[in-house]
$ cat protein06.cif   # mmCIF, N, CA and C atoms
data_final
loop_
_atom_site.label_atom_id
_atom_site.label_comp_id
_atom_site.auth_asym_id
_atom_site.auth_seq_id
_atom_site.Cartn_x
_atom_site.Cartn_y
_atom_site.Cartn_z
N MET A 204 -163.95 44.46 44.98
CA MET A 204 -164.61 43.18 45.20
C MET A 204 -164.22 42.53 46.54
N PRO A 205 -162.93 42.51 46.90
CA PRO A 205 -162.57 41.87 48.18
C PRO A 205 -163.22 42.52 49.39
N ARG A 206 -163.49 43.83 49.33
CA ARG A 206 -164.11 44.47 50.50
C ARG A 206 -165.60 44.11 50.63
N LEU A 207 -166.21 43.67 49.53
CA LEU A 207 -167.61 43.29 49.57
C LEU A 207 -167.82 41.86 50.08
N LEU A 208 -166.81 41.03 49.95
CA LEU A 208 -166.94 39.63 50.37
C LEU A 208 -167.34 39.48 51.84
N PRO A 209 -166.70 40.21 52.77
CA PRO A 209 -167.13 40.08 54.18
C PRO A 209 -168.56 40.55 54.43
N LEU A 210 -169.06 41.42 53.55
CA LEU A 210 -170.44 41.89 53.70
C LEU A 210 -171.44 40.87 53.16
N TRP A 211 -171.14 40.28 52.01
CA TRP A 211 -172.12 39.44 51.32
C TRP A 211 -171.97 37.95 51.61
N LEU A 212 -170.80 37.51 52.06
CA LEU A 212 -170.63 36.09 52.36
C LEU A 212 -171.59 35.61 53.46
N PRO A 213 -171.77 36.36 54.55
CA PRO A 213 -172.74 35.91 55.56
C PRO A 213 -174.17 35.80 55.00
N VAL A 214 -174.54 36.71 54.10
CA VAL A 214 -175.87 36.63 53.48
C VAL A 214 -175.99 35.35 52.68
N ALA A 215 -174.99 35.07 51.86
CA ALA A 215 -175.01 33.86 51.03
C ALA A 215 -175.04 32.60 51.89
N LEU A 216 -174.24 32.57 52.94
CA LEU A 216 -174.21 31.39 53.80
C LEU A 216 -175.55 31.20 54.52
N TRP A 217 -176.16 32.29 54.96
CA TRP A 217 -177.45 32.18 55.65
C TRP A 217 -178.53 31.70 54.67
N CYS A 218 -178.46 32.15 53.42
CA CYS A 218 -179.41 31.66 52.41
C CYS A 218 -179.22 30.16 52.20
N VAL A 219 -177.99 29.69 52.23
CA VAL A 219 -177.72 28.25 52.11
C VAL A 219 -178.33 27.50 53.30
N VAL A 220 -178.20 28.07 54.49
CA VAL A 220 -178.78 27.43 55.68
C VAL A 220 -180.30 27.33 55.53
N ILE A 221 -180.94 28.40 55.13
CA ILE A 221 -182.40 28.39 54.95
C ILE A 221 -182.78 27.35 53.89
N PHE A 222 -182.05 27.33 52.77
CA PHE A 222 -182.32 26.37 51.70
C PHE A 222 -182.16 24.94 52.21
N ALA A 223 -181.12 24.70 53.00
CA ALA A 223 -180.88 23.35 53.52
C ALA A 223 -182.02 22.91 54.43
N PHE A 224 -182.47 23.80 55.31
CA PHE A 224 -183.58 23.44 56.19
C PHE A 224 -184.84 23.13 55.39
N SER A 225 -185.09 23.88 54.34
CA SER A 225 -186.32 23.65 53.58
C SER A 225 -186.18 22.48 52.60
N SER A 226 -184.99 21.93 52.48
CA SER A 226 -184.77 20.78 51.60
C SER A 226 -185.03 19.45 52.30
N VAL A 227 -185.20 19.50 53.61
CA VAL A 227 -185.46 18.28 54.38
C VAL A 227 -186.92 17.89 54.19
N GLY A 228 -187.14 16.67 53.77
CA GLY A 228 -188.51 16.20 53.56
C GLY A 228 -189.30 16.19 54.85
N GLY A 229 -190.57 16.45 54.73
CA GLY A 229 -191.45 16.45 55.89
C GLY A 229 -191.80 15.03 56.31
N SER A 230 -192.35 14.91 57.49
CA SER A 230 -192.75 13.59 57.99
C SER A 230 -194.19 13.27 57.62
N GLY A 231 -194.93 14.30 57.24
CA GLY A 231 -196.35 14.08 56.94
C GLY A 231 -197.20 14.02 58.20
N LEU A 232 -196.56 14.11 59.36
CA LEU A 232 -197.27 14.06 60.63
C LEU A 232 -197.30 15.43 61.27
N SER A 233 -198.37 15.71 61.96
CA SER A 233 -198.45 16.96 62.70
C SER A 233 -197.99 16.69 64.12
N GLY A 234 -197.09 17.54 64.60
CA GLY A 234 -196.55 17.34 65.94
C GLY A 234 -197.31 18.10 67.00
N GLY A 235 -198.44 18.63 66.68
CA GLY A 235 -199.23 19.36 67.66
C GLY A 235 -198.90 20.84 67.69
N PHE A 236 -199.52 21.51 68.65
CA PHE A 236 -199.43 22.97 68.71
C PHE A 236 -198.02 23.46 69.02
N LEU A 237 -197.31 22.79 69.93
CA LEU A 237 -195.96 23.20 70.28
C LEU A 237 -195.04 23.07 69.07
N ASP A 238 -195.18 22.00 68.31
CA ASP A 238 -194.39 21.81 67.09
C ASP A 238 -194.70 22.92 66.09
N PHE A 239 -195.98 23.25 65.96
CA PHE A 239 -196.40 24.33 65.06
C PHE A 239 -195.73 25.65 65.46
N LEU A 240 -195.76 25.98 66.76
CA LEU A 240 -195.15 27.23 67.23
C LEU A 240 -193.65 27.25 66.99
N MET A 241 -193.00 26.12 67.19
CA MET A 241 -191.56 26.06 66.97
C MET A 241 -191.21 26.24 65.50
N ARG A 242 -191.98 25.61 64.61
CA ARG A 242 -191.71 25.74 63.17
C ARG A 242 -191.94 27.17 62.69
N LYS A 243 -193.02 27.78 63.15
CA LYS A 243 -193.31 29.15 62.72
C LYS A 243 -192.33 30.13 63.37
N GLY A 244 -191.93 29.86 64.58
CA GLY A 244 -190.90 30.68 65.23
C GLY A 244 -189.57 30.60 64.49
N ALA A 245 -189.27 29.42 63.95
CA ALA A 245 -188.05 29.27 63.15
C ALA A 245 -188.13 30.14 61.90
N HIS A 246 -189.31 30.18 61.27
CA HIS A 246 -189.49 31.06 60.11
C HIS A 246 -189.19 32.51 60.50
N LEU A 247 -189.77 32.96 61.59
CA LEU A 247 -189.56 34.34 62.03
C LEU A 247 -188.08 34.61 62.27
N GLY A 248 -187.44 33.72 62.98
CA GLY A 248 -186.02 33.90 63.31
C GLY A 248 -185.11 33.86 62.10
N GLU A 249 -185.35 32.90 61.21
CA GLU A 249 -184.51 32.78 60.00
C GLU A 249 -184.53 34.07 59.19
N TYR A 250 -185.71 34.61 59.01
CA TYR A 250 -185.84 35.79 58.16
C TYR A 250 -185.50 37.08 58.89
N ALA A 251 -185.57 37.09 60.21
CA ALA A 251 -185.07 38.25 60.96
C ALA A 251 -183.55 38.34 60.79
N VAL A 252 -182.88 37.21 60.90
CA VAL A 252 -181.42 37.18 60.71
C VAL A 252 -181.08 37.57 59.26
N LEU A 253 -181.81 37.01 58.30
CA LEU A 253 -181.55 37.34 56.89
C LEU A 253 -181.73 38.84 56.65
N MET A 254 -182.73 39.43 57.25
CA MET A 254 -182.97 40.88 57.11
C MET A 254 -181.78 41.67 57.63
N LEU A 255 -181.31 41.34 58.82
CA LEU A 255 -180.20 42.08 59.42
C LEU A 255 -178.91 41.92 58.61
N LEU A 256 -178.63 40.70 58.18
CA LEU A 256 -177.42 40.47 57.39
C LEU A 256 -177.48 41.19 56.04
N THR A 257 -178.65 41.15 55.39
CA THR A 257 -178.79 41.78 54.09
C THR A 257 -178.76 43.29 54.21
N ARG A 258 -179.37 43.82 55.24
CA ARG A 258 -179.34 45.27 55.46
C ARG A 258 -177.90 45.74 55.67
N ARG A 259 -177.14 44.99 56.46
CA ARG A 259 -175.73 45.31 56.70
C ARG A 259 -174.94 45.29 55.39
N ALA A 260 -175.18 44.26 54.58
CA ALA A 260 -174.46 44.14 53.31
C ALA A 260 -174.81 45.29 52.35
N LEU A 261 -176.08 45.61 52.27
CA LEU A 261 -176.50 46.70 51.37
C LEU A 261 -175.96 48.04 51.85
N ALA A 262 -176.05 48.29 53.14
CA ALA A 262 -175.55 49.56 53.68
C ALA A 262 -174.04 49.68 53.46
N GLY A 263 -173.33 48.60 53.70
CA GLY A 263 -171.88 48.61 53.50
C GLY A 263 -171.48 48.71 52.05
N SER A 264 -172.37 48.32 51.16
CA SER A 264 -172.10 48.41 49.73
C SER A 264 -172.48 49.77 49.16
N GLY A 265 -173.05 50.63 50.00
CA GLY A 265 -173.44 51.96 49.56
C GLY A 265 -174.77 52.04 48.84
N ALA A 266 -175.59 51.02 48.98
CA ALA A 266 -176.90 51.00 48.31
C ALA A 266 -177.83 52.02 48.96
N PRO A 267 -178.66 52.69 48.14
CA PRO A 267 -179.66 53.57 48.73
C PRO A 267 -180.78 52.74 49.37
N LEU A 268 -181.36 53.24 50.41
CA LEU A 268 -182.47 52.57 51.09
C LEU A 268 -182.16 51.11 51.44
N PRO A 269 -181.12 50.87 52.25
CA PRO A 269 -180.75 49.49 52.53
C PRO A 269 -181.83 48.68 53.26
N GLU A 270 -182.62 49.35 54.10
CA GLU A 270 -183.68 48.62 54.81
C GLU A 270 -184.75 48.11 53.84
N ALA A 271 -185.19 48.99 52.97
CA ALA A 271 -186.22 48.59 52.00
C ALA A 271 -185.69 47.54 51.05
N GLY A 272 -184.45 47.69 50.61
CA GLY A 272 -183.85 46.69 49.72
C GLY A 272 -183.71 45.34 50.40
N ALA A 273 -183.31 45.36 51.66
CA ALA A 273 -183.16 44.11 52.40
C ALA A 273 -184.51 43.44 52.61
N PHE A 274 -185.53 44.24 52.91
CA PHE A 274 -186.86 43.66 53.10
C PHE A 274 -187.36 43.04 51.80
N LEU A 275 -187.16 43.72 50.68
CA LEU A 275 -187.58 43.19 49.39
C LEU A 275 -186.83 41.89 49.07
N PHE A 276 -185.53 41.87 49.35
CA PHE A 276 -184.75 40.65 49.13
C PHE A 276 -185.32 39.50 49.96
N CYS A 277 -185.61 39.77 51.24
CA CYS A 277 -186.16 38.73 52.12
C CYS A 277 -187.50 38.21 51.60
N LEU A 278 -188.34 39.12 51.14
CA LEU A 278 -189.65 38.74 50.63
C LEU A 278 -189.50 37.85 49.38
N LEU A 279 -188.62 38.24 48.48
CA LEU A 279 -188.41 37.45 47.27
C LEU A 279 -187.76 36.10 47.58
N TYR A 280 -186.81 36.10 48.51
CA TYR A 280 -186.17 34.83 48.89
C TYR A 280 -187.19 33.90 49.56
N ALA A 281 -188.04 34.45 50.39
CA ALA A 281 -189.08 33.64 51.05
C ALA A 281 -190.02 33.02 50.02
N ALA A 282 -190.44 33.81 49.04
CA ALA A 282 -191.33 33.28 48.00
C ALA A 282 -190.62 32.19 47.20
N GLY A 283 -189.37 32.41 46.86
CA GLY A 283 -188.61 31.39 46.14
C GLY A 283 -188.39 30.14 46.96
N ASP A 284 -188.17 30.31 48.24
CA ASP A 284 -187.96 29.16 49.12
C ASP A 284 -189.24 28.34 49.26
N GLU A 285 -190.37 29.00 49.37
CA GLU A 285 -191.64 28.27 49.44
C GLU A 285 -191.92 27.54 48.13
N TRP A 286 -191.58 28.15 47.01
CA TRP A 286 -191.74 27.48 45.73
C TRP A 286 -190.83 26.26 45.67
N HIS A 287 -189.59 26.42 46.15
CA HIS A 287 -188.65 25.29 46.20
C HIS A 287 -189.24 24.12 46.99
N GLN A 288 -189.94 24.42 48.07
CA GLN A 288 -190.49 23.36 48.91
C GLN A 288 -191.56 22.54 48.20
N THR A 289 -192.14 23.08 47.14
CA THR A 289 -193.14 22.30 46.40
C THR A 289 -192.50 21.12 45.68
N PHE A 290 -191.17 21.11 45.57
CA PHE A 290 -190.45 20.02 44.92
C PHE A 290 -189.86 19.03 45.93
N VAL A 291 -189.99 19.31 47.22
CA VAL A 291 -189.42 18.47 48.27
C VAL A 291 -190.50 17.49 48.73
N PRO A 292 -190.16 16.18 48.78
CA PRO A 292 -191.15 15.19 49.21
C PRO A 292 -191.76 15.51 50.58
N LEU A 293 -193.05 15.38 50.67
CA LEU A 293 -193.82 15.60 51.89
C LEU A 293 -193.73 17.04 52.43
N ARG A 294 -193.38 17.97 51.55
CA ARG A 294 -193.38 19.40 51.91
C ARG A 294 -194.31 20.10 50.96
N GLU A 295 -194.74 21.27 51.33
CA GLU A 295 -195.55 22.09 50.44
C GLU A 295 -195.22 23.55 50.68
N GLY A 296 -195.25 24.31 49.62
CA GLY A 296 -195.03 25.75 49.75
C GLY A 296 -196.33 26.42 50.15
N ARG A 297 -196.23 27.31 51.09
CA ARG A 297 -197.44 27.98 51.59
C ARG A 297 -197.28 29.49 51.54
N PRO A 298 -198.23 30.17 50.92
CA PRO A 298 -198.19 31.64 50.94
C PRO A 298 -198.20 32.19 52.37
N SER A 299 -198.86 31.50 53.28
CA SER A 299 -198.89 31.97 54.67
C SER A 299 -197.50 31.96 55.29
N ASP A 300 -196.64 31.03 54.86
CA ASP A 300 -195.28 31.01 55.38
C ASP A 300 -194.47 32.19 54.84
N VAL A 301 -194.74 32.62 53.61
CA VAL A 301 -194.09 33.82 53.08
C VAL A 301 -194.48 35.01 53.94
N LEU A 302 -195.74 35.08 54.35
CA LEU A 302 -196.19 36.16 55.21
C LEU A 302 -195.49 36.11 56.57
N ILE A 303 -195.33 34.92 57.13
CA ILE A 303 -194.64 34.78 58.42
C ILE A 303 -193.17 35.19 58.26
N ASP A 304 -192.55 34.78 57.15
CA ASP A 304 -191.17 35.18 56.89
C ASP A 304 -191.06 36.70 56.79
N ALA A 305 -192.01 37.31 56.10
CA ALA A 305 -192.02 38.77 55.96
C ALA A 305 -192.19 39.44 57.33
N CYS A 306 -192.98 38.84 58.20
CA CYS A 306 -193.15 39.38 59.55
C CYS A 306 -191.84 39.32 60.33
N GLY A 307 -191.08 38.24 60.17
CA GLY A 307 -189.78 38.14 60.82
C GLY A 307 -188.83 39.22 60.33
N ALA A 308 -188.81 39.43 59.01
CA ALA A 308 -187.96 40.48 58.45
C ALA A 308 -188.41 41.86 58.92
N ALA A 309 -189.71 42.09 58.93
CA ALA A 309 -190.24 43.38 59.37
C ALA A 309 -189.94 43.63 60.85
N ALA A 310 -190.05 42.60 61.65
CA ALA A 310 -189.76 42.75 63.08
C ALA A 310 -188.29 43.13 63.28
N ALA A 311 -187.40 42.51 62.54
CA ALA A 311 -185.98 42.85 62.65
C ALA A 311 -185.75 44.29 62.21
N TRP A 312 -186.43 44.72 61.17
CA TRP A 312 -186.30 46.09 60.67
C TRP A 312 -186.74 47.08 61.75
N VAL A 313 -187.91 46.83 62.33
CA VAL A 313 -188.45 47.73 63.36
C VAL A 313 -187.56 47.74 64.60
N LEU A 314 -187.12 46.58 65.06
CA LEU A 314 -186.27 46.53 66.25
C LEU A 314 -184.93 47.20 66.02
N ALA A 315 -184.36 47.03 64.82
CA ALA A 315 -183.09 47.68 64.52
C ALA A 315 -183.25 49.20 64.49
N ARG A 316 -184.32 49.68 63.90
CA ARG A 316 -184.56 51.14 63.85
C ARG A 316 -184.80 51.68 65.27
N TRP A 317 -185.54 50.94 66.07
CA TRP A 317 -185.82 51.36 67.44
C TRP A 317 -184.53 51.41 68.23
N ARG A 318 -183.69 50.41 68.05
CA ARG A 318 -182.41 50.35 68.78
C ARG A 318 -181.52 51.52 68.38
N ARG A 319 -181.46 51.84 67.07
CA ARG A 319 -180.63 52.97 66.63
C ARG A 319 -181.19 54.29 67.15
N ALA A 320 -182.49 54.42 67.23
CA ALA A 320 -183.11 55.67 67.70
C ALA A 320 -182.94 55.82 69.20
N LYS A 321 -183.00 54.72 69.92
CA LYS A 321 -182.96 54.77 71.39
C LYS A 321 -181.56 54.97 71.91
N PHE A 322 -180.56 54.43 71.22
CA PHE A 322 -179.18 54.47 71.75
C PHE A 322 -178.30 55.34 70.94
#
$ encode --input "protein06.cif" --output "structure tokens"
Amino acid sequence: MPRLLPLWLPVALWCVVIFAFSSVGGSGLSGGFLDFLMRKGAHLGEYAVLMLLTRRALAGSGAPLPEAGAFLFCLLYAAGDEWHQTFVPLREGRPSDVLIDACGAAAAWVLARWRRAKF
């Protein structure tokens, strides 16, 4: 168990960070196109990091297919996070955001595989 803590603690902490960001109530105002790009870029980045951390934890734990497992975890966490947002004032859960989160995780998966193949 102690050897797994360094692998899984970063995953748990990053999930807390994502949960905290999605717990902040919305303003109900649209900040324009730049605001939209920044918010969606945050989705991509959050889930790219979650993918890399989870893949590292699964691989270090000896799990088979760590990339696929990490991607599935990210997809399920994204769906749960969007559902959570339906309970936050002035926020709403959106299936399109789950798709954006999945794209962030997939991008991290592809870039990590490319990096390992290239170097």
$ resolve_selection --input "protein06.cif" --expression "the PyMOL selection byres ((chain A and resi 305) around 8)" --output "list in words"
His246, Leu247, Tyr250, Ala251, Phe274, Cys277, Leu278, Ala281, Ser299, Asp300, Val301, Leu302, Ile303, Asp304, Cys306, Gly307, Ala308, Ala309, Ala310 and Ala311 of chain A
$ closest_residue --input "protein06.cif" --among "A:Leu255, A:Leu240, A:Gly263, A:Ser225" --to "A:Pro209" --atoms "only C-alpha atoms"
A:Gly263
$ residues_around --input "protein06.cif" --residues "stretch 213-217 of chain A" --least-positions-apart "6" --cutoff "7 Å" --atoms "all atoms listed in the file" --output "MDAnalysis selection string"
chainID A and resid 253 256:257
$ atom_distance --input "protein06.cif" --atom1 "atom CA of A:Phe290" --atom2 "atom CA of A:Phe236"
25.6 Å
$ residues_around --input "protein06.cif" --residues "A:Val291" --least-positions-apart "3" --cutoff "12 Å" --atoms "only C-alpha atoms" --output "PyMOL selection string"
chain A and resi 222-231+284-288+294-296
$ atom_distance --input "protein06.cif" --atom1 "atom C of A:Ile221" --atom2 "atom N of A:Ala282"
11.1 Å
$ residues_around --input "protein06.cif" --residues "A:Arg259" --least-positions-apart "4" --cutoff "12 Å" --atoms "only C-alpha atoms" --output "PyMOL selection string"
chain A and resi 207+209-214+252-255+263-266+268-274+312+315
$ atom_distance --input "protein06.cif" --atom1 "atom N of A:Trp317" --atom2 "atom C of A:Gly283"
28.4 Å
$ select_by_dssp --input "protein06.cif" --residues "stretch 208-308 of chain A" --states "alpha helix (DSSP H)" --output "ChimeraX atom specification"
/A:208-225,235-263,269-288,298-308
